[in-house]
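Below is one structure, written out as structure tokens; the observations come after it.
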Amino acid sequence: MKRQSIRLSFPFALLLCLAPAHVPAQHQILPDFQADPSARVFNGRLYIYPSHDVAGSKDWDMVDWHVFSTGDMVHWKDHGVIFSLKDITWAVKHAWAPDCIERNGKYYFYFPADDQIGVAVSRSPTGPFEDALGKPLIARNEAGIRSIDPAVFIDDDGQAYLYFGNSSGRLAVVKLKADMITRDGPIQVLDLPNYHEGIWVHKQNGRYYFSYPSNRGDMIANLMEYSIAKGPLGPFDYKGVILDNRSRNVHGSITEFKGKSYLFYHVAGPSAYERRVCVEPLYYNPDGTIKLIRMSPAKK
Ligand code: FUB
């Protein structure tokens, strides 16, 4: 797969250097068509693990995953295909929203394939990754919840949690052992207000933030909402909308890089199956709530 370097135009680069409040609300950072961005920082570099939409498709029939990275939020490198349905034996369709995390020098890539969740491992954040189990880590419809959209979180005490699911108001979570590929206990189902899919968990100043496309709104999963908890398993204090979105579908992640917080997310492009990854600066209020991000209309 050809590798690409992406350079933002001078006005966009300049705007990113100016007061963050003046960054244009909708700001595409990756080439067409990527979606479901999970942003991670490894060794001082920011990596985005997105889904890879198929141009011209009439379905979310994706088959592989790329990773992109940046050192400055301006120049982005496409590292090419890091994992593909061809690398597993147990699913042949729907290579959807992934996530990746580092532990003890290894990188663990959690990926949904045909409504099951697998884990692949590599010595590098850019792969190549290998299927760690040769079978799903989470089977189809376990705990009565659709097994998609994995998001992984390691708490300060070292306990790892794998969150996942598409369900109305219910989020699935299972603890992982330190090897990151073995489940540690049963799947738990948590009641999370307005949750629909695309969970993202991050911790800031001792608070656990759960952000997600909600089951509200006048389009499909178009509102990005959040709840705050005192622990990784809730209970949840619903806080409201993060992104005033006007796109048909949204899904994203919140990550701090070089002292600034960002919301990475996608909007629908020419169709709901051809999406674009964007970024906005994100700010907290003194009480820990997130300031509403207003987004301009989607690019045609
Ligand atoms: O990318 C395929 C699916 O679309 C994801 O799993 C959902 O979160 C939605 O973004």
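Labeling convention for the structure tokens: chains A, B, ... as they appear, residues from 1 per chain, ligands from 1 in order of appearance.
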Task: Long-range neighbours of Thr89 of chain A as a list of chain:residue names, 10 Å cut-off, only C-alpha atoms, 6 positions minimum in chain - done: A:Asp131, A:Gly134, A:Lys135, A:Pro136
As a PDB file with N, CA, C and O atoms, in the first residue's frame, please: the residues near Ala120 of chain A (cut-off 7 Å, only C-alpha atoms, same-chain neighbours under 6 positions excluded).
ATOM      1  N   TYR A 108      -1.449  -3.154  21.156  1.00  0.00           N
ATOM      2  CA  TYR A 108      -2.603  -4.050  21.053  1.00  0.00           C
ATOM      3  C   TYR A 108      -3.700  -3.334  20.266  1.00  0.00           C
ATOM      4  O   TYR A 108      -4.156  -2.256  20.667  1.00  0.00           O
ATOM      5  N   PHE A 109      -4.080  -3.942  19.167  1.00  0.00           N
ATOM      6  CA  PHE A 109      -5.042  -3.356  18.231  1.00  0.00           C
ATOM      7  C   PHE A 109      -6.355  -4.143  18.370  1.00  0.00           C
ATOM      8  O   PHE A 109      -6.413  -5.338  18.054  1.00  0.00           O
ATOM      9  N   TYR A 110      -7.385  -3.468  18.880  1.00  0.00           N
ATOM     10  CA  TYR A 110      -8.695  -4.100  19.075  1.00  0.00           C
ATOM     11  C   TYR A 110      -9.582  -3.705  17.902  1.00  0.00           C
ATOM     12  O   TYR A 110      -9.691  -2.515  17.585  1.00  0.00           O
ATOM     13  N   PHE A 129       0.599  -5.875  12.383  1.00  0.00           N
ATOM     14  CA  PHE A 129      -0.066  -6.534  13.503  1.00  0.00           C
ATOM     15  C   PHE A 129      -0.399  -7.979  13.126  1.00  0.00           C
ATOM     16  O   PHE A 129      -0.651  -8.286  11.959  1.00  0.00           O
ATOM     17  N   GLU A 130      -0.418  -8.829  14.147  1.00  0.00           N
ATOM     18  CA  GLU A 130      -0.807 -10.234  13.941  1.00  0.00           C
ATOM     19  C   GLU A 130      -1.950 -10.578  14.876  1.00  0.00           C
ATOM     20  O   GLU A 130      -1.940 -10.182  16.046  1.00  0.00           O
ATOM     21  N   ASP A 131      -2.904 -11.323  14.372  1.00  0.00           N
ATOM     22  CA  ASP A 131      -4.028 -11.782  15.189  1.00  0.00           C
ATOM     23  C   ASP A 131      -3.472 -12.559  16.387  1.00  0.00           C
ATOM     24  O   ASP A 131      -2.787 -13.572  16.221  1.00  0.00           O
ATOM     25  N   ALA A 132      -3.762 -12.074  17.609  1.00  0.00           N
ATOM     26  CA  ALA A 132      -3.141 -12.658  18.806  1.00  0.00           C
ATOM     27  C   ALA A 132      -3.779 -13.972  19.223  1.00  0.00           C
ATOM     28  O   ALA A 132      -3.128 -14.806  19.852  1.00  0.00           O
TER      29      ALA A 132
END
Task: Within-6 Å residues of ligand 1, basis only C-alpha atoms and all ligand atoms, as number ranges by chain - done: A: 36, 51, 60, 96-97, 148-149, 197-198, 251
Expected file contents, prior selection, C-alpha atoms, as a CSV table (one decimal), in the first residue's frame:
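Final output, saved to result.csv:
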chain,number,residue,atom,x,y,z
A,36,ASP,CA,-14.3,6.4,13.7
A,51,SER,CA,-12.0,2.8,10.0
A,60,TRP,CA,-20.0,0.0,5.6
A,96,TRP,CA,-15.2,-1.4,11.6
A,97,ALA,CA,-14.1,1.1,14.4
A,148,ILE,CA,-18.6,-3.6,17.8
A,149,ASP,CA,-16.8,-0.4,18.6
A,197,GLU,CA,-22.3,3.3,20.1
A,198,GLY,CA,-18.7,4.4,19.7
A,251,HIS,CA,-18.0,8.9,16.3
Hey, what does DSSP flag as strand (DSSP E or B) within segment 144-265 of chain A? Can you give it to me as a compact mmCIF listing (two decimals) with C-alpha atoms, in the first residue's frame?
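The resulting file, states.txt, is shown below:
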# COMPACT_ATOMS: atom_id res chain seq x y z
CA ARG A 146 -23.82 -5.94 19.50
CA ALA A 151 -12.32 1.12 23.21
CA VAL A 152 -9.59 0.23 25.66
CA PHE A 153 -8.59 2.05 28.84
CA ILE A 154 -5.84 1.31 31.37
CA ALA A 160 -7.24 -2.61 31.79
CA TYR A 161 -10.85 -2.36 30.62
CA LEU A 162 -12.26 -3.17 27.20
CA TYR A 163 -15.49 -1.29 26.54
CA PHE A 164 -17.66 -2.04 23.53
CA ASN A 166 -23.95 -0.80 20.14
CA ARG A 170 -26.26 -0.05 27.69
CA LEU A 171 -22.49 -0.27 27.51
CA ALA A 172 -20.54 -3.55 27.76
CA VAL A 173 -17.19 -3.77 29.55
CA VAL A 174 -14.82 -6.57 30.44
CA LYS A 175 -11.59 -6.37 32.42
CA LEU A 176 -8.42 -7.57 30.70
CA ARG A 183 -10.43 -11.59 29.66
CA GLN A 188 -20.59 -6.38 32.72
CA VAL A 189 -23.40 -4.30 31.25
CA LEU A 190 -23.56 -0.71 32.48
CA ASP A 191 -26.49 1.69 32.15
CA TYR A 195 -25.54 5.74 24.88
CA TRP A 200 -14.48 6.50 24.26
CA VAL A 201 -13.11 6.60 27.83
CA HIS A 202 -10.47 8.99 29.10
CA LYS A 203 -9.42 10.25 32.51
CA GLN A 204 -8.73 13.89 33.34
CA ARG A 207 -12.63 12.16 36.53
CA TYR A 208 -13.59 9.36 34.14
CA TYR A 209 -15.15 10.73 30.96
CA PHE A 210 -17.37 8.52 28.82
CA SER A 211 -18.09 10.13 25.44
CA TYR A 212 -20.26 8.59 22.74
CA PRO A 213 -22.65 9.13 19.85
CA SER A 214 -26.05 9.19 21.53
CA MET A 224 -21.81 13.39 20.62
CA GLU A 225 -22.70 13.33 24.32
CA TYR A 226 -20.90 12.46 27.54
CA SER A 227 -21.16 11.37 31.12
CA ILE A 228 -18.66 11.62 33.97
CA ALA A 229 -18.02 8.89 36.54
CA PHE A 236 -22.61 7.86 35.48
CA ASP A 237 -23.47 11.50 35.82
CA TYR A 238 -24.90 12.54 32.45
CA LYS A 239 -23.52 15.91 31.33
CA GLY A 240 -24.95 16.60 27.86
CA VAL A 241 -23.77 17.31 24.35
CA ILE A 242 -20.10 17.88 23.42
CA LEU A 243 -20.43 18.56 19.70
CA ASP A 244 -23.24 20.48 18.10
CA GLY A 252 -14.72 10.01 17.85
CA SER A 253 -12.17 10.26 20.62
CA ILE A 254 -10.84 12.84 23.08
CA THR A 255 -7.07 12.97 23.49
CA GLU A 256 -4.52 15.37 24.93
CA PHE A 257 -1.43 16.09 22.84
CA LYS A 260 -3.94 20.70 24.42
CA SER A 261 -7.10 18.62 24.35
CA TYR A 262 -8.80 17.69 21.09
CA LEU A 263 -11.94 16.04 19.88
CA PHE A 264 -11.25 13.83 16.85
CA TYR A 265 -14.41 12.80 15.04
Task: Proximity to Gly127 of chain A - best of A:Ala221, A:Ala272, A:Ala39, A:Val81, only C-alpha atoms - done: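 For Gly127 of chain A, the nearest of the given residues is A:Val81.
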Task: d(atom CA of Ala55 of chain A, atom CA of Val279 of chain A) in Å - done: 21.3 Å
